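Written below as structure tokens is the structure these notes are about.
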Amino acid sequence: MKIRALAAIGAASALLLTACASGATAAPATQAAAPQTLTVLAAASLTETFNALGKQFETDHPGVSVKFNYAGSSDLAQQIVNGAPADVFAAASDATMKTVTDANLTAAKPVTFAKNVLQIATPPGNPKEIATFADLAEPDVKVVVCAPQVPCGAAEQKIEKATGTALKPVSQESDVKSVLSKVETGDADAGLVYVTDVNSAGDKVQGVNFPEASQASTNYPIAVLKNAPAGDLANQFLTTVTGEQGLKALEQAGFAKP
Amino acid sequence: MTTTRQPVTRRGVGLPRVLWVPAALAFAIIALPVVGLVLKANWARMPELLVSDSALDALRLSLETAAISTALCIVLGGPLAAVLARGNPPALPILRSVVLLPLVLPPVVGGLALLYLVGRSGFVGKALDLWFGLTVPFTTAAVVLAQTFVALPFLVVSLEGALRTAGQRYEAVAATLGASPTLAFRRITVPLVLPGLASGTVLAFARCLGEFGATTAFAGSLQGTTRTLPLLVYLERETDVDAAVALSLVLVVVAVAVIAVTRPRGSEGLS
């Protein structure tokens, strides 16, 4: 038994090693083969919109391939500060962009290209009949929010302060998609997420608008990074995002104009 | 079990020199990241970071839940190991593969699985909610359940190995002398496999303490209730890298302490 377990562990670590090795070689290989690669680091909430814009950009610029890395903005900012090679950074808050500008790593001043507001997400049918922000404070409502350390949580705290309604969340998640998933599974009666998250979740959740949301809208800044490997392509992509085409795509996803 | 193997692994037998190079590399892969963590630490802010409310709550919650989960692993996993080793259960290979699942699965998958079992939409969760008005996710019980799920195989595998190596000679003798199976199990089997049980317990406790994926997917994250140290490290990393590093070092210290305290008796099976 012991030996078999050891063998299993050995096999597992061998697998791990190959996984690491292929991961390490994949990145430089693609870069060497196609010098016309544009690397965009973008906040997770931009996934659907930027994928569409990227496809359009590739069609308009033959031979160019756009590579996206979507994650929490603070994570991406940390990656950039720690030397991740990238051309463009689109963040979900001014604070996370500031991490990068403070490190002097943007080529020019960031531009705000969209705004997002919070919305209440409930399971389909809204079983607890939530209609207002104050309803979230009802004792029998299990509400999940973002932790104050991340942008969606900071926005939520701002609304709590503005309305004087103190929520007692059952969980403060570390990113907005985790909040959404707890509503999707029906374990939370309500969650505070961005309008765009409710849009992208389709009929798995139901959105409830509340007027106080506008008091804590989040800016989405974008910037070309210093020493961008793709050079001018990065500027062209930024123009696409801030231009007519980008505006339309962003609006479709539920973002507000900057 | 290990005492019989000891002479073979003595260095005097002659270890091929060439093994030292990959061995050193392997050691470096484990040790150097910890060095990186220590070098990154902001020692001036350390005291303030470690006695913050959130850090103390997380440390307390981590130790408490890990202790309860480890106890559950012993109480439930011990008998499971005994049945697997000596009970001749049907379909043993299949049973054993199932027991190993949490060891191989990414913990976040385990968390999702638990959520779809005892969450509101799961069939057990639905019944609990309907009959008793109980909901498991977002409670400390969910953290314990997640930790027990991921840690059980560590205890079961170590203990089953120990039971098989120990054999049943003494129990057979005891039986001929009139001891009941219960008496023989309590007075002979348990003392015989204590080292295996100890090493399994250490492994399980360590695994509980480090649990992240299943907890975050299943239990949520709330200070004092479900936010254990690993979850707090993950969250602090967003805004305060110094705090994340300080808390990581706490986990390193606890891990080192666990190994140091238990090593002489418990973990010789691991070395």
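Naming scheme: A, B, ... for chains in displayed order of the structure tokens; residues 1 onward per chain; ligands 1 onward as shown.
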What are the closest atom pairs, with distances in Å to one decimal, for all residues of chain A lying within 10 Å of chain B? Consider only C-alpha atoms, order rows by chain and residue number, and present the result as a Markdown table.
| residue | atom | partner | partner_atom | distance |
| --- | --- | --- | --- | --- |
| A:Met1 | CA | B:Gly161 | CA | 5.8 |
| A:Lys2 | CA | B:Gly161 | CA | 5.7 |
| A:Ile3 | CA | B:Gly161 | CA | 9.3 |
| A:Ala5 | CA | B:Val157 | CA | 8.1 |
| A:Ala8 | CA | B:Val104 | CA | 9.8 |
| A:Ile9 | CA | B:Val104 | CA | 9.5 |
| A:Ala12 | CA | B:Val104 | CA | 8.6 |
| A:Gly72 | CA | B:Glu238 | CA | 8.7 |
| A:Ser73 | CA | B:Glu238 | CA | 8.8 |
| A:Ser74 | CA | B:Glu238 | CA | 5.4 |
| A:Asp75 | CA | B:Glu238 | CA | 6.5 |
| A:Leu76 | CA | B:Glu238 | CA | 9.8 |
| A:Ala77 | CA | B:Glu238 | CA | 9.4 |
| A:Gln78 | CA | B:Glu238 | CA | 8.3 |
| A:Ala95 | CA | B:Thr239 | CA | 9.8 |
| A:Thr96 | CA | B:Thr239 | CA | 9.0 |
| A:Thr99 | CA | B:Thr239 | CA | 9.8 |
| A:Lys142 | CA | B:Phe138 | CA | 9.3 |
| A:Val144 | CA | B:Gly220 | CA | 8.7 |
| A:Val145 | CA | B:Ser221 | CA | 9.9 |
| A:Cys146 | CA | B:Ser221 | CA | 9.5 |
| A:Ala147 | CA | B:Leu235 | CA | 7.9 |
| A:Pro148 | CA | B:Leu235 | CA | 9.6 |
| A:Gln149 | CA | B:Thr239 | CA | 6.0 |
| A:Val150 | CA | B:Glu238 | CA | 6.8 |
| A:Pro151 | CA | B:Glu238 | CA | 9.9 |
| A:Pro169 | CA | B:Leu222 | CA | 8.1 |
| A:Val170 | CA | B:Phe138 | CA | 6.0 |
| A:Ser171 | CA | B:Leu222 | CA | 4.8 |
| A:Gln172 | CA | B:Ser221 | CA | 5.4 |
| A:Glu173 | CA | B:Ser221 | CA | 5.7 |
| A:Ser174 | CA | B:Leu235 | CA | 5.7 |
| A:Asp175 | CA | B:Leu235 | CA | 9.0 |
| A:Ser178 | CA | B:Ala217 | CA | 7.9 |
| A:Val179 | CA | B:Gly220 | CA | 9.1 |
| A:Ser181 | CA | B:Ala217 | CA | 9.0 |
| A:Lys182 | CA | B:Ala217 | CA | 8.5 |
| A:Glu184 | CA | B:Ser121 | CA | 9.9 |
| A:Thr185 | CA | B:Ser121 | CA | 6.5 |
| A:Gly186 | CA | B:Arg120 | CA | 6.2 |
| A:Asp187 | CA | B:Arg120 | CA | 5.3 |
| A:Ala188 | CA | B:Arg120 | CA | 8.7 |
**Prompt:** Excluding same-chain residues fewer than 2 positions from A:Thr242, what lies within 12 Å of it counting only C-alpha atoms, as a PyMOL selection string?
**Reply:** chain A and resi 50+53+90+110-114+220-223+235-240+244-251+257-258
Generate the output file for the selected residues, N, CA and C atoms, as a CSV table (one decimal), in the first residue's frame.
chain,number,residue,atom,x,y,z
A,50,PHE,N,-14.2,42.6,-24.1
A,50,PHE,CA,-12.9,42.7,-24.7
A,50,PHE,C,-12.6,41.5,-25.7
A,53,LEU,N,-14.1,42.8,-28.8
A,53,LEU,CA,-13.3,43.8,-29.4
A,53,LEU,C,-12.0,43.3,-30.0
A,90,ALA,N,-6.2,47.4,-18.6
A,90,ALA,CA,-7.5,48.0,-18.3
A,90,ALA,C,-8.0,47.5,-17.0
A,110,PRO,N,-3.5,57.4,-17.8
A,110,PRO,CA,-4.7,56.5,-18.1
A,110,PRO,C,-5.9,57.3,-18.4
A,111,VAL,N,-6.7,56.7,-19.3
A,111,VAL,CA,-8.0,57.3,-19.7
A,111,VAL,C,-9.2,56.5,-19.2
A,112,THR,N,-10.2,57.1,-18.7
A,112,THR,CA,-11.4,56.4,-18.2
A,112,THR,C,-12.2,56.1,-19.4
A,113,PHE,N,-12.6,54.9,-19.6
A,113,PHE,CA,-13.3,54.5,-20.9
A,113,PHE,C,-14.7,54.0,-20.6
A,114,ALA,N,-15.0,53.7,-19.3
A,114,ALA,CA,-16.3,53.2,-19.0
A,114,ALA,C,-16.6,53.3,-17.5
A,220,TYR,N,-13.5,52.8,-15.0
A,220,TYR,CA,-12.6,51.8,-15.6
A,220,TYR,C,-11.5,52.5,-16.4
A,221,PRO,N,-10.3,52.6,-15.9
A,221,PRO,CA,-9.3,53.3,-16.7
A,221,PRO,C,-8.5,52.3,-17.5
A,222,ILE,N,-7.9,52.8,-18.6
A,222,ILE,CA,-7.1,52.0,-19.5
A,222,ILE,C,-5.8,52.8,-19.8
A,223,ALA,N,-4.7,52.1,-19.9
A,223,ALA,CA,-3.4,52.7,-20.3
A,223,ALA,C,-2.5,51.8,-21.0
A,235,ASN,N,-1.3,51.4,-28.7
A,235,ASN,CA,-2.0,52.6,-28.9
A,235,ASN,C,-3.3,52.5,-29.7
A,236,GLN,N,-3.1,51.7,-30.8
A,236,GLN,CA,-4.2,51.5,-31.7
A,236,GLN,C,-5.4,50.7,-31.0
A,237,PHE,N,-5.0,49.7,-30.1
A,237,PHE,CA,-6.0,49.0,-29.4
A,237,PHE,C,-6.7,49.9,-28.4
A,238,LEU,N,-6.0,50.8,-27.8
A,238,LEU,CA,-6.6,51.7,-26.8
A,238,LEU,C,-7.6,52.6,-27.6
A,239,THR,N,-7.2,53.1,-28.8
A,239,THR,CA,-8.1,53.9,-29.6
A,239,THR,C,-9.4,53.2,-29.9
A,240,THR,N,-9.2,51.9,-30.2
A,240,THR,CA,-10.4,51.1,-30.5
A,240,THR,C,-11.4,51.0,-29.3
A,244,GLU,N,-15.6,54.7,-31.1
A,244,GLU,CA,-17.0,54.4,-31.3
A,244,GLU,C,-17.3,52.9,-31.1
A,245,GLN,N,-16.4,52.1,-31.7
A,245,GLN,CA,-16.6,50.7,-31.6
A,245,GLN,C,-16.6,50.1,-30.2
A,246,GLY,N,-15.7,50.6,-29.4
A,246,GLY,CA,-15.6,50.2,-28.0
A,246,GLY,C,-16.8,50.6,-27.2
A,247,LEU,N,-17.2,51.9,-27.4
A,247,LEU,CA,-18.3,52.5,-26.7
A,247,LEU,C,-19.5,51.6,-26.9
A,248,LYS,N,-19.7,51.2,-28.2
A,248,LYS,CA,-20.9,50.4,-28.5
A,248,LYS,C,-20.9,49.1,-27.8
A,249,ALA,N,-19.8,48.4,-27.9
A,249,ALA,CA,-19.6,47.1,-27.2
A,249,ALA,C,-19.8,47.2,-25.7
A,250,LEU,N,-19.2,48.2,-25.1
A,250,LEU,CA,-19.3,48.4,-23.7
A,250,LEU,C,-20.7,48.7,-23.2
A,251,GLU,N,-21.4,49.5,-24.0
A,251,GLU,CA,-22.8,49.8,-23.7
A,251,GLU,C,-23.7,48.6,-23.7
A,257,LYS,N,-21.4,55.2,-19.9
A,257,LYS,CA,-20.4,56.1,-20.5
A,257,LYS,C,-19.5,56.8,-19.5
A,258,PRO,N,-18.3,57.0,-19.7
A,258,PRO,CA,-17.4,57.6,-18.7
A,258,PRO,C,-17.9,59.0,-18.4
**Request:** Using atom CA of A:Gln36 and atom CA of A:Lys109 as the two end points, give the distance in Å to one decimal.
**Result:** 24.4 Å
Write out as a short mmCIF file (atom, residue, chain, number, x, y, z; two decimals) with C-alpha atoms, in the first residue's frame which residues come within 10 Å of B:Pro106 when counting only C-alpha atoms, dropping same-chain ones fewer than 6 positions away.
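What landed in result_2.cif:
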data_model
loop_
_atom_site.label_atom_id
_atom_site.label_comp_id
_atom_site.auth_asym_id
_atom_site.auth_seq_id
_atom_site.Cartn_x
_atom_site.Cartn_y
_atom_site.Cartn_z
CA VAL B 150 -9.72 17.21 2.04
CA GLY B 213 -9.98 26.05 -2.29
CA ALA B 214 -12.80 23.98 -0.82
#
**Message:** Going by DSSP on the backbone, which residues of stretch 64-254 of chain B come out as helix (DSSP H, G or I)? List them as a PyMOL selection string.
**Reply:** chain B and resi 64-86+92-104+107-118+123-132+140-166+169-176+181-192+194-210+213-218+229-239+241-254
**Prompt:** Which neighbours of A:Ser200 fall inside 9 Å, counting only C-alpha atoms, when residues of the same chain fewer than 4 positions from it are skipped, and could you give them as a PyMOL selection string?
**Reply:** chain A and resi 48+195-196+253
